[in-house]
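Q: If it helps, the file is called model_13.cif and holds mmCIF, C-alpha atoms and all ligand atoms:
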data_coords
#
loop_
_atom_site.label_atom_id
_atom_site.label_comp_id
_atom_site.auth_asym_id
_atom_site.auth_seq_id
_atom_site.Cartn_x
_atom_site.Cartn_y
_atom_site.Cartn_z
CA MET A 1 -8.66 -14.68 -4.09
CA GLU A 2 -11.56 -17.07 -3.72
CA THR A 3 -14.62 -14.91 -4.38
CA GLU A 4 -15.52 -12.05 -6.64
CA ALA A 5 -16.97 -8.76 -5.41
CA ASP A 6 -20.49 -7.68 -6.49
CA ALA A 7 -20.76 -5.76 -9.75
CA PHE A 8 -21.20 -2.38 -8.00
CA TYR A 9 -17.85 -2.65 -6.21
CA ARG A 10 -16.07 -3.88 -9.33
CA GLU A 11 -17.49 -1.04 -11.42
CA LEU A 12 -16.88 1.59 -8.73
CA PRO A 13 -13.88 3.67 -9.88
CA LYS A 14 -11.26 3.28 -7.17
CA VAL A 15 -8.00 4.75 -5.90
CA GLU A 16 -5.40 2.41 -4.37
CA LEU A 17 -2.85 4.17 -2.18
CA HIS A 18 -1.33 1.39 -0.07
CA ALA A 19 -0.05 -1.54 -2.14
CA HIS A 20 3.32 -3.23 -1.56
CA LEU A 21 4.50 -4.62 -4.90
CA ASN A 22 5.78 -7.98 -3.69
CA GLY A 23 2.77 -8.49 -1.43
CA SER A 24 0.43 -7.82 -4.37
CA ILE A 25 1.45 -10.68 -6.67
CA SER A 26 -1.51 -12.77 -7.84
CA PHE A 27 -1.79 -16.54 -7.86
CA ALA A 28 -1.33 -16.57 -11.66
CA THR A 29 1.91 -14.58 -11.51
CA ILE A 30 3.24 -16.68 -8.62
CA GLU A 31 2.67 -19.73 -10.88
CA LYS A 32 4.87 -18.16 -13.55
CA LEU A 33 7.57 -17.34 -10.99
CA ILE A 34 7.49 -20.87 -9.55
CA ALA A 35 7.85 -22.26 -13.09
CA ARG A 36 10.94 -20.08 -13.58
CA LYS A 37 12.51 -21.34 -10.34
CA PRO A 38 11.37 -24.94 -9.70
CA HIS A 39 14.56 -25.68 -7.75
CA LEU A 40 13.34 -23.44 -4.89
CA ASN A 41 10.51 -25.91 -4.18
CA ILE A 42 8.11 -23.13 -3.27
CA GLY A 43 4.38 -23.89 -3.20
CA HIS A 44 1.37 -21.55 -3.12
CA SER A 45 0.68 -22.27 0.54
CA MET A 46 3.97 -20.50 1.29
CA THR A 47 3.08 -17.28 -0.53
CA ALA A 48 -0.56 -16.61 0.35
CA ILE A 49 -2.94 -16.68 3.31
CA GLN A 50 -6.26 -18.12 2.14
CA SER A 51 -9.71 -17.22 3.48
CA GLY A 52 -10.32 -18.45 7.00
CA GLN A 53 -6.58 -18.68 7.61
CA ARG A 54 -4.70 -16.29 9.83
CA ARG A 55 -1.05 -15.78 10.56
CA THR A 56 0.78 -13.77 13.14
CA LEU A 57 2.34 -10.62 11.72
CA GLU A 58 5.70 -12.30 12.25
CA GLU A 59 4.61 -15.18 10.01
CA CYS A 60 3.44 -12.68 7.38
CA PHE A 61 6.97 -11.31 7.26
CA GLN A 62 8.26 -14.84 6.62
CA VAL A 63 5.94 -14.98 3.61
CA PHE A 64 7.59 -11.86 2.15
CA LYS A 65 10.98 -13.54 2.49
CA VAL A 66 9.74 -16.49 0.42
CA ILE A 67 8.32 -14.17 -2.25
CA HIS A 68 11.58 -12.23 -2.40
CA GLN A 69 13.35 -15.49 -3.33
CA LEU A 70 10.99 -15.83 -6.27
CA VAL A 71 11.44 -12.22 -7.42
CA ASP A 72 15.15 -11.60 -7.69
CA SER A 73 15.93 -10.37 -11.20
CA GLU A 74 15.04 -7.44 -13.46
CA GLU A 75 13.05 -9.85 -15.61
CA ASP A 76 10.97 -10.99 -12.61
CA ILE A 77 10.36 -7.45 -11.38
CA LEU A 78 9.23 -6.27 -14.81
CA MET A 79 6.75 -9.13 -15.11
CA VAL A 80 5.49 -8.77 -11.53
CA ALA A 81 5.04 -4.99 -11.75
CA LYS A 82 3.23 -5.15 -15.10
CA ASP A 83 0.93 -7.96 -13.93
CA VAL A 84 0.12 -6.16 -10.67
CA ILE A 85 -0.67 -2.89 -12.46
CA LYS A 86 -2.92 -4.68 -14.98
CA GLU A 87 -4.75 -6.56 -12.21
CA PHE A 88 -5.48 -3.35 -10.33
CA ALA A 89 -6.70 -1.82 -13.62
CA ASP A 90 -8.98 -4.83 -14.23
CA ASP A 91 -10.37 -4.33 -10.73
CA GLY A 92 -11.48 -0.76 -11.55
CA VAL A 93 -8.54 1.10 -10.00
CA LYS A 94 -8.09 4.34 -11.93
CA TYR A 95 -5.20 5.70 -9.86
CA LEU A 96 -2.62 3.49 -8.20
CA GLU A 97 0.29 4.30 -5.92
CA LEU A 98 2.57 1.28 -5.77
CA ARG A 99 5.34 1.02 -3.24
CA SER A 100 8.34 -1.29 -3.04
CA THR A 101 11.64 -1.67 -1.21
CA PRO A 102 14.65 -1.47 -3.57
CA ARG A 103 16.70 -4.64 -3.20
CA GLU A 104 20.04 -5.76 -4.51
CA GLU A 105 20.61 -9.40 -5.37
CA LYS A 106 24.18 -10.60 -5.76
CA ASN A 107 23.12 -13.78 -7.66
CA THR A 108 21.47 -11.93 -10.51
CA GLY A 109 23.47 -8.70 -10.41
CA LEU A 110 20.34 -6.70 -9.54
CA THR A 111 21.13 -3.30 -8.03
CA LYS A 112 18.77 -1.03 -6.09
CA LYS A 113 18.92 1.48 -8.94
CA ASN A 114 17.99 -1.20 -11.55
CA TYR A 115 15.21 -2.29 -9.23
CA VAL A 116 13.53 1.12 -9.28
CA GLU A 117 14.31 1.66 -12.99
CA THR A 118 12.59 -1.62 -13.82
CA ILE A 119 9.42 -0.64 -11.98
CA ILE A 120 9.41 2.71 -13.79
CA GLU A 121 9.86 0.81 -17.07
CA ALA A 122 6.87 -1.38 -16.16
CA ILE A 123 4.76 1.74 -15.56
CA HIS A 124 5.80 3.15 -18.96
CA GLN A 125 5.10 -0.13 -20.76
CA CYS A 126 1.64 -0.43 -19.21
CA LYS A 127 0.84 3.12 -20.30
CA LYS A 128 2.00 2.33 -23.88
CA GLU A 129 -0.10 -0.84 -23.88
CA GLY A 130 -3.17 1.25 -23.08
CA VAL A 131 -3.70 0.26 -19.44
CA ASP A 132 -6.29 2.70 -18.19
CA THR A 133 -4.78 3.45 -14.76
CA GLU A 134 -2.52 6.29 -13.70
CA VAL A 135 0.36 4.80 -11.70
CA ARG A 136 2.80 6.52 -9.36
CA PHE A 137 5.56 5.01 -7.25
CA LEU A 138 6.70 5.35 -3.64
CA VAL A 139 10.18 4.14 -2.74
CA ALA A 140 10.00 2.09 0.46
CA VAL A 141 12.35 2.15 3.43
CA ASP A 142 12.44 -1.13 5.35
CA ARG A 143 12.74 -0.08 9.00
CA ARG A 144 14.75 -3.23 9.76
CA ASN A 145 17.74 -1.93 7.79
CA GLY A 146 18.53 1.08 10.00
CA THR A 147 19.77 4.64 9.60
CA GLU A 148 22.37 4.31 6.87
CA VAL A 149 20.29 2.29 4.43
CA ALA A 150 17.32 4.61 5.06
CA MET A 151 19.47 7.60 4.11
CA GLU A 152 20.73 5.84 0.93
CA THR A 153 17.16 4.94 0.00
CA VAL A 154 16.05 8.55 0.43
CA LYS A 155 18.87 9.70 -1.88
CA LEU A 156 17.77 7.14 -4.47
CA ALA A 157 14.17 8.30 -4.15
CA GLU A 158 15.21 11.93 -4.57
CA GLU A 159 17.18 11.11 -7.74
CA PHE A 160 14.24 9.24 -9.22
CA MET A 161 11.75 11.93 -8.23
CA LEU A 162 13.80 14.35 -10.34
CA SER A 163 14.52 12.00 -13.26
CA THR A 164 11.08 10.44 -13.78
CA SER A 165 9.04 13.61 -14.33
CA GLY A 166 6.88 13.01 -11.32
CA LEU A 167 6.36 9.23 -11.45
CA VAL A 168 8.20 8.80 -8.14
CA VAL A 169 6.15 10.86 -5.74
CA GLY A 170 7.01 9.74 -2.26
CA LEU A 171 8.61 7.60 0.38
CA ASP A 172 7.07 4.80 2.40
CA LEU A 173 8.27 3.56 5.78
CA SER A 174 7.35 -0.09 6.31
CA GLY A 175 8.72 -3.45 7.38
CA ASP A 176 8.28 -5.52 10.51
CA PRO A 177 7.00 -3.02 13.11
CA THR A 178 8.55 -5.00 15.94
CA VAL A 179 12.04 -4.44 14.57
CA GLY A 180 14.03 -1.18 14.77
CA HIS A 181 12.90 2.23 16.02
CA GLY A 182 11.57 5.20 14.10
CA LYS A 183 13.85 7.60 15.95
CA ASP A 184 16.83 6.21 14.03
CA LEU A 185 15.06 6.96 10.77
CA LEU A 186 13.88 10.49 11.55
CA PRO A 187 16.78 12.34 9.86
CA ALA A 188 16.23 10.37 6.63
CA LEU A 189 12.47 10.95 6.71
CA GLU A 190 12.89 14.65 7.38
CA LYS A 191 15.41 14.95 4.55
CA ALA A 192 12.96 13.22 2.20
CA LYS A 193 10.15 15.57 3.15
CA HIS A 194 12.41 18.58 2.79
CA SER A 195 13.33 17.56 -0.75
CA GLY A 196 9.67 17.36 -1.79
CA LEU A 197 8.93 13.66 -1.40
CA LYS A 198 5.58 12.90 0.19
CA LEU A 199 5.72 10.66 3.26
CA ALA A 200 3.42 7.66 3.78
CA LEU A 201 4.50 6.09 7.06
CA HIS A 202 3.33 2.85 8.67
CA MET A 203 2.45 3.80 12.19
CA SER A 204 1.14 2.03 15.31
CA GLU A 205 0.49 -1.19 13.37
CA VAL A 206 1.20 -3.07 16.61
CA PRO A 207 0.72 -1.96 20.23
CA SER A 208 3.55 -0.29 22.19
CA GLN A 209 4.64 2.04 19.43
CA MET A 210 3.25 5.17 21.09
CA GLU A 211 6.55 6.91 21.61
CA GLU A 212 7.59 6.22 18.03
CA SER A 213 4.22 7.33 16.63
CA ASP A 214 4.50 10.57 18.58
CA LEU A 215 7.94 11.25 17.05
CA LEU A 216 6.74 10.42 13.54
CA LEU A 217 3.62 12.56 13.92
CA ASN A 218 5.80 15.55 14.75
CA ILE A 219 7.34 15.47 11.25
CA PRO A 220 4.31 15.31 10.28
CA PRO A 221 3.81 12.74 7.47
CA HIS A 222 1.35 13.21 4.59
CA ARG A 223 -0.40 9.87 5.20
CA ILE A 224 -0.48 7.14 7.83
CA GLY A 225 -0.48 3.42 7.09
CA HIS A 226 -2.76 1.37 9.41
CA GLY A 227 -2.62 3.47 12.62
CA THR A 228 -4.36 0.58 14.37
CA PHE A 229 -3.23 1.41 17.90
CA LEU A 230 -3.25 5.22 17.79
CA HIS A 231 -6.52 5.86 19.60
CA PRO A 232 -7.13 5.47 23.34
CA GLU A 233 -9.52 2.48 23.04
CA MET A 234 -6.65 0.53 21.49
CA GLY A 235 -4.05 1.59 24.03
CA GLY A 236 -3.00 4.73 22.16
CA SER A 237 -3.73 8.24 23.41
CA GLN A 238 -5.92 11.24 22.78
CA SER A 239 -2.85 13.36 22.15
CA LEU A 240 -1.84 11.11 19.23
CA VAL A 241 -5.39 11.32 17.85
CA ASP A 242 -5.30 15.11 18.24
CA LYS A 243 -2.09 15.34 16.25
CA VAL A 244 -3.54 13.23 13.43
CA GLN A 245 -6.75 15.26 13.38
CA LYS A 246 -5.09 18.68 13.71
CA ASN A 247 -2.96 17.96 10.65
CA ASN A 248 -5.82 16.18 8.90
CA ILE A 249 -3.52 13.28 7.98
CA PRO A 250 -5.38 10.63 5.96
CA LEU A 251 -5.27 7.02 7.13
CA GLU A 252 -4.69 4.13 4.74
CA LEU A 253 -6.84 1.29 6.12
CA CYS A 254 -6.44 -2.34 5.07
CA LEU A 255 -9.15 -4.48 6.68
CA THR A 256 -8.33 -7.97 5.47
CA SER A 257 -4.61 -7.51 6.02
CA ASN A 258 -5.18 -6.47 9.64
CA VAL A 259 -7.60 -9.33 10.31
CA LYS A 260 -5.50 -12.03 8.61
CA GLY A 261 -2.33 -10.66 10.21
CA GLN A 262 -4.14 -10.74 13.57
CA THR A 263 -3.47 -7.17 14.64
CA VAL A 264 -7.27 -6.72 14.66
CA PRO A 265 -9.44 -9.55 16.10
CA SER A 266 -12.30 -9.33 13.55
CA TYR A 267 -13.68 -7.12 10.77
CA SER A 268 -16.31 -5.63 13.06
CA GLN A 269 -13.62 -4.60 15.54
CA HIS A 270 -11.57 -2.79 12.92
CA HIS A 271 -10.68 0.84 13.65
CA PHE A 272 -12.22 2.09 10.36
CA PRO A 273 -15.44 3.42 12.01
CA TYR A 274 -13.50 5.17 14.80
CA TRP A 275 -11.97 7.52 12.22
CA TYR A 276 -14.65 7.43 9.54
CA GLN A 277 -17.48 8.43 11.86
CA SER A 278 -15.61 11.53 13.00
CA GLY A 279 -15.30 12.61 9.36
CA HIS A 280 -11.55 12.00 9.26
CA PRO A 281 -10.15 11.16 5.78
CA CYS A 282 -9.88 7.36 5.48
CA VAL A 283 -8.80 5.46 2.40
CA ILE A 284 -9.63 1.77 1.94
CA CYS A 285 -6.61 -0.10 0.59
CA THR A 286 -5.41 -3.67 0.04
CA ASP A 287 -1.86 -3.63 1.52
CA ASP A 288 -0.83 -6.99 0.00
CA LYS A 289 -3.59 -8.28 -2.27
CA GLY A 290 -1.60 -11.40 -3.23
CA VAL A 291 -0.57 -12.48 0.24
CA PHE A 292 -3.98 -11.77 1.76
CA CYS A 293 -5.96 -13.09 -1.27
CA THR A 294 -8.09 -10.00 -1.80
CA ASN A 295 -8.59 -7.07 -4.16
CA LEU A 296 -9.76 -3.49 -3.71
CA SER A 297 -13.37 -4.19 -4.76
CA LEU A 298 -13.63 -6.89 -2.09
CA GLU A 299 -12.17 -4.53 0.52
CA TYR A 300 -14.78 -1.86 -0.31
CA GLN A 301 -17.54 -4.46 -0.19
CA ARG A 302 -16.26 -5.84 3.11
CA ALA A 303 -16.18 -2.36 4.68
CA ALA A 304 -19.72 -1.62 3.43
CA SER A 305 -21.21 -4.92 4.64
CA THR A 306 -19.44 -4.85 8.02
CA PHE A 307 -20.33 -1.26 8.85
CA GLY A 308 -23.66 -0.95 7.01
CA LEU A 309 -22.59 1.68 4.50
CA SER A 310 -24.65 2.55 1.41
CA HIS A 311 -23.46 2.58 -2.19
CA GLU A 312 -23.59 6.38 -2.04
CA ALA A 313 -21.31 6.38 1.03
CA MET A 314 -18.86 4.02 -0.70
CA TRP A 315 -18.89 6.24 -3.78
CA LYS A 316 -17.98 9.23 -1.61
CA LEU A 317 -15.21 7.25 0.07
CA SER A 318 -13.63 6.33 -3.25
CA GLN A 319 -13.96 9.89 -4.55
CA GLN A 320 -12.44 11.40 -1.41
CA ALA A 321 -9.40 9.15 -1.82
CA ILE A 322 -8.39 11.28 -4.83
CA ASP A 323 -7.61 14.19 -2.52
CA CYS A 324 -5.58 11.91 -0.24
CA SER A 325 -3.33 10.84 -3.12
CA PHE A 326 0.06 12.28 -3.95
CA ALA A 327 -1.06 13.10 -7.50
CA PRO A 328 -0.45 16.65 -8.69
CA ASP A 329 -3.49 18.95 -8.69
CA ALA A 330 -4.03 18.73 -12.45
CA LEU A 331 -4.26 14.93 -12.28
CA LYS A 332 -6.56 15.11 -9.25
CA ASP A 333 -8.86 17.35 -11.30
CA GLN A 334 -8.82 14.89 -14.21
CA LEU A 335 -9.65 12.02 -11.87
CA LYS A 336 -12.52 13.95 -10.31
CA GLN A 337 -13.91 14.60 -13.80
CA ARG A 338 -13.72 10.85 -14.52
CA TRP A 339 -15.65 10.10 -11.34
CA THR A 340 -18.33 12.64 -12.31
CA LYS A 341 -18.64 11.10 -15.78
CA LEU A 342 -18.88 7.53 -14.45
CA ARG A 343 -21.32 8.30 -11.63
CA PRO A 344 -24.66 7.88 -13.51
CA ALA A 345 -23.62 4.47 -14.91
CA VAL A 346 -22.27 3.11 -11.62
CA LEU A 347 -24.72 4.58 -9.08
CA ARG A 348 -27.80 3.47 -11.00
C1 LIG B 1 4.63 -3.45 7.32
C2 LIG B 1 4.74 -4.40 5.23
C3 LIG B 1 3.46 -4.97 5.40
O1 LIG B 1 8.61 -3.82 -0.65
O2 LIG B 1 9.27 -6.10 -1.39
N1 LIG B 1 5.18 -4.77 4.02
N2 LIG B 1 5.31 -3.64 6.18
N3 LIG B 1 3.42 -3.98 7.56
C4 LIG B 1 2.80 -4.76 6.63
N4 LIG B 1 1.61 -5.31 6.97
C5 LIG B 1 1.19 -6.63 6.61
N5 LIG B 1 3.14 -5.62 4.27
C6 LIG B 1 4.20 -5.48 3.43
O3 LIG B 1 6.91 -5.67 -0.59
C7 LIG B 1 7.03 -6.47 0.57
C8 LIG B 1 7.50 -5.63 1.74
O4 LIG B 1 6.51 -4.65 2.08
C9 LIG B 1 6.51 -4.41 3.49
C10 LIG B 1 7.60 -5.30 4.08
O5 LIG B 1 8.80 -4.57 4.19
C11 LIG B 1 7.72 -6.40 3.02
O6 LIG B 1 8.98 -7.05 3.04
P1 LIG B 1 8.18 -5.07 -1.37
O7 LIG B 1 7.63 -4.79 -2.74
#
As structure tokens, what does this structure read like?
Ligand code: 6MZ
A:
Amino acid sequence: METEADAFYRELPKVELHAHLNGSISFATIEKLIARKPHLNIGHSMTAIQSGQRRTLEECFQVFKVIHQLVDSEEDILMVAKDVIKEFADDGVKYLELRSTPREEKNTGLTKKNYVETIIEAIHQCKKEGVDTEVRFLVAVDRRNGTEVAMETVKLAEEFMLSTSGLVVGLDLSGDPTVGHGKDLLPALEKAKHSGLKLALHMSEVPSQMEESDLLLNIPPHRIGHGTFLHPEMGGSQSLVDKVQKNNIPLELCLTSNVKGQTVPSYSQHHFPYWYQSGHPCVICTDDKGVFCTNLSLEYQRAASTFGLSHEAMWKLSQQAIDCSFAPDALKDQLKQRWTKLRPAVLR
């Protein structure tokens, strides 16, 4: 991250709903990881896309592969998860939904179960250390890995939903959108929804996913990640838009990620206003704050400056995100009370 957001955006209480753990690792934490594994010969230019730089989405997925080499043990995951949570807290995020794909690593003996347990441990430790952010976790399915792995991941997520007293709240579908097809994952996603997990699905992040988006929207999911190519102006269709609107499915929108990953040509051509202006629930998120060198305050500021939105409008946007979260009603009420309390000091 090269610049800092203005004080208003840093002080604005925020809700982050779309953050991939391994994409969210800061420069400082990457330094610590590199020091632990000098033999990998990994440099910062391989783990982050600086300002002014762009990569194809395919190249972004290569970056995740490099980061995964650096994060391959329980010890690494604990450090990474705690650092990421604390950084979001320092950036004014009061409620955070982190997501990550359970991985096993033969070299270190890491299992998928340990992977999730370690993230849950990080959440507990942050709470004990007084970090002032409520954190929940979504177990991620990487679409590349197909039907069987998706089903195993759903079972793991179900077990953790039951054993963590509500810390695991949902399931994410992500991964390289050009690989695999959602139809192979439908049974796993439907099973997850049936068992009470909330679904946050990446959808239409690249063109030519209309048929898949239609199938996924029939489930329907509780939230959509990106949705860049859903609407007719972007090659999608009115019937997809109708389905999203009829079910009032919030969109998680990540401006810098889409611009740096080149699925959107520029900030001003982002699909945020298409949905926002019709009153549809939109949530500004970071996606991968480490890889894309950003934070949530900067993303709010960028949306406001690009689309000419007032501080009052940005306040409303951050407050409305509470209702789009997978937090239980009691926690949503607590968060709303916090917003009310903070309002006079922030919206001076
Ligand atoms: C789709 C993405 C993504 O799970 O190892 N991921 N999936 N589109 C994106 N847009 C840029 N950004 C990240 O975090 C890294 C993983 O998150 C998903 C990919 O599966 C990536 O490997 P975790 O914590």
Q: Pick the closest to ligand LIG 1 (chain B) from A:Ser45, A:Ser24, A:Ser174, A:Thr56: which is it, counting all atoms listed in the file?
A: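 Smallest distance to ligand LIG 1 (chain B) is found for A:Ser174.
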Q: Kindly compile the residues surrounding ligand LIG 1 (chain B) within 7 Å, counting all atoms listed in the file, and format them as a list in words.
A: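 Answer in the requested format: His20, Leu21, Asn22, Gly23, Leu57, Cys60, Phe61, Phe64, Lys65, His68, Arg99, Ser100, Thr101, Ala140, Asp142, Ser174, Gly175, Asp176, Pro177, His202, Ser257, Gly261, Asp287 and Asp288 of chain A.
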Q: Need the shell around stretch 236-248 of chain A: protein/DNA/RNA residues with any atom at most 8 Å away, counting all atoms listed in the file. Skip same-chain ones fewer than 3 positions apart. Format as an mmCIF file with C-alpha atoms, keeping the file's coordinate frame?
A:
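Generated file (part27.cif):
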data_model
loop_
_atom_site.group_PDB
_atom_site.id
_atom_site.type_symbol
_atom_site.label_atom_id
_atom_site.label_comp_id
_atom_site.auth_asym_id
_atom_site.auth_seq_id
_atom_site.Cartn_x
_atom_site.Cartn_y
_atom_site.Cartn_z
ATOM 1 C CA PRO A 207 0.720 -1.960 20.230
ATOM 2 C CA MET A 210 3.250 5.170 21.090
ATOM 3 C CA SER A 213 4.220 7.330 16.630
ATOM 4 C CA ASP A 214 4.500 10.570 18.580
ATOM 5 C CA LEU A 217 3.620 12.560 13.920
ATOM 6 C CA PRO A 220 4.310 15.310 10.280
ATOM 7 C CA PHE A 229 -3.230 1.410 17.900
ATOM 8 C CA LEU A 230 -3.250 5.220 17.790
ATOM 9 C CA HIS A 231 -6.520 5.860 19.600
ATOM 10 C CA PRO A 232 -7.130 5.470 23.340
ATOM 11 C CA GLU A 233 -9.520 2.480 23.040
ATOM 12 C CA HIS A 280 -11.550 12.000 9.260
ATOM 13 C CA PRO A 281 -10.150 11.160 5.780
#
Q: Excluding same-chain residues fewer than 2 positions from A:Asn295, what lies within 12 Å of it counting all atoms listed in the file, as a ChimeraX atom specification?
A: /A:1-5,9-10,14-16,18-19,23-26,84,87-93,254-257,284-293,297-302
Q: Can you pull out the residues contacting A:Arg223? Cut-off 6 Å, using all atoms listed in the file, and skip same-chain residues under 3 positions away; I want them as an MDAnalysis selection string.
A: chainID A and resid 200 249:251
Q: Point out the residue among A:Lys260, A:Val139, A:Pro273, A:Ser195 with the least atom-to-atom distance to A:Gln50, counting all atoms listed in the file.
A: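 Using all atoms listed in the file, the shortest distance to A:Gln50 belongs to A:Lys260.
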Q: Atom CA of A:Val264 to atom CA of A:Gln277: how many Å, to one decimal?
A: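 Here the two named atoms are 18.5 Å from each other.
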Q: Tell me, as an NGL selection string, which residues lie within 8 Å of A:Leu189, counting all atoms listed in the file; anything in the same chain fewer than 4 positions away does not count.
A: :A and (154 or 185 or 193 or 199)
Q: Of the candidates A:Gln334, A:Asn41, A:Asn258, A:Gln69, which shows the shortest atom-to-atom distance to A:Glu134, using only C-alpha atoms?
A: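 Smallest separation from A:Glu134 among the options: A:Gln334.
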Q: Could you check how far atom CA of A:Asp83 sits from atom CA of A:Ala28, in Å to one decimal?
A: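 For atom CA of A:Asp83 relative to atom CA of A:Ala28, the distance reads 9.2 Å.
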Q: Could you tell me which of A:Lys316, A:Arg348, A:His311, A:His39 comes closest to A:Lys336 if we count all atoms listed in the file?
A: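 For A:Lys336, the nearest of the given residues is A:Lys316.
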Q: Between atom CA of A:His124 and atom CA of A:Thr164, what is the spacing in Å?
A: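 It comes out at 10.4 Å.
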Q: Tell me which of A:Arg343, A:His44, A:Lys82, A:His271 sits closest to A:Cys126, counting only C-alpha atoms.
A: A:Lys82
Q: Counting only C-alpha atoms, which residue out of A:Gly227, A:Pro265, A:Pro344, A:Gly180 sits closest to A:Arg54?
A: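 The shortest atom-to-atom distance to A:Arg54 comes from A:Pro265.
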Q: Which neighbours of A:Ile42 fall inside 12 Å, counting all atoms listed in the file, when residues of the same chain fewer than 2 positions from it are skipped, and could you give them as a PDB file with C-alpha atoms, keeping the file's coordinate frame?
A:
ATOM      1  CA  ILE A  30       3.240 -16.680  -8.620  1.00  0.00           C
ATOM      2  CA  GLU A  31       2.670 -19.730 -10.880  1.00  0.00           C
ATOM      3  CA  LYS A  32       4.870 -18.160 -13.550  1.00  0.00           C
ATOM      4  CA  LEU A  33       7.570 -17.340 -10.990  1.00  0.00           C
ATOM      5  CA  ILE A  34       7.490 -20.870  -9.550  1.00  0.00           C
ATOM      6  CA  ALA A  35       7.850 -22.260 -13.090  1.00  0.00           C
ATOM      7  CA  ARG A  36      10.940 -20.080 -13.580  1.00  0.00           C
ATOM      8  CA  LYS A  37      12.510 -21.340 -10.340  1.00  0.00           C
ATOM      9  CA  PRO A  38      11.370 -24.940  -9.700  1.00  0.00           C
ATOM     10  CA  HIS A  39      14.560 -25.680  -7.750  1.00  0.00           C
ATOM     11  CA  LEU A  40      13.340 -23.440  -4.890  1.00  0.00           C
ATOM     12  CA  HIS A  44       1.370 -21.550  -3.120  1.00  0.00           C
ATOM     13  CA  SER A  45       0.680 -22.270   0.540  1.00  0.00           C
ATOM     14  CA  MET A  46       3.970 -20.500   1.290  1.00  0.00           C
ATOM     15  CA  THR A  47       3.080 -17.280  -0.530  1.00  0.00           C
ATOM     16  CA  ALA A  48      -0.560 -16.610   0.350  1.00  0.00           C
ATOM     17  CA  VAL A  63       5.940 -14.980   3.610  1.00  0.00           C
ATOM     18  CA  LYS A  65      10.980 -13.540   2.490  1.00  0.00           C
ATOM     19  CA  VAL A  66       9.740 -16.490   0.420  1.00  0.00           C
ATOM     20  CA  ILE A  67       8.320 -14.170  -2.250  1.00  0.00           C
ATOM     21  CA  HIS A  68      11.580 -12.230  -2.400  1.00  0.00           C
ATOM     22  CA  GLN A  69      13.350 -15.490  -3.330  1.00  0.00           C
ATOM     23  CA  LEU A  70      10.990 -15.830  -6.270  1.00  0.00           C
TER      24      LEU A  70
END
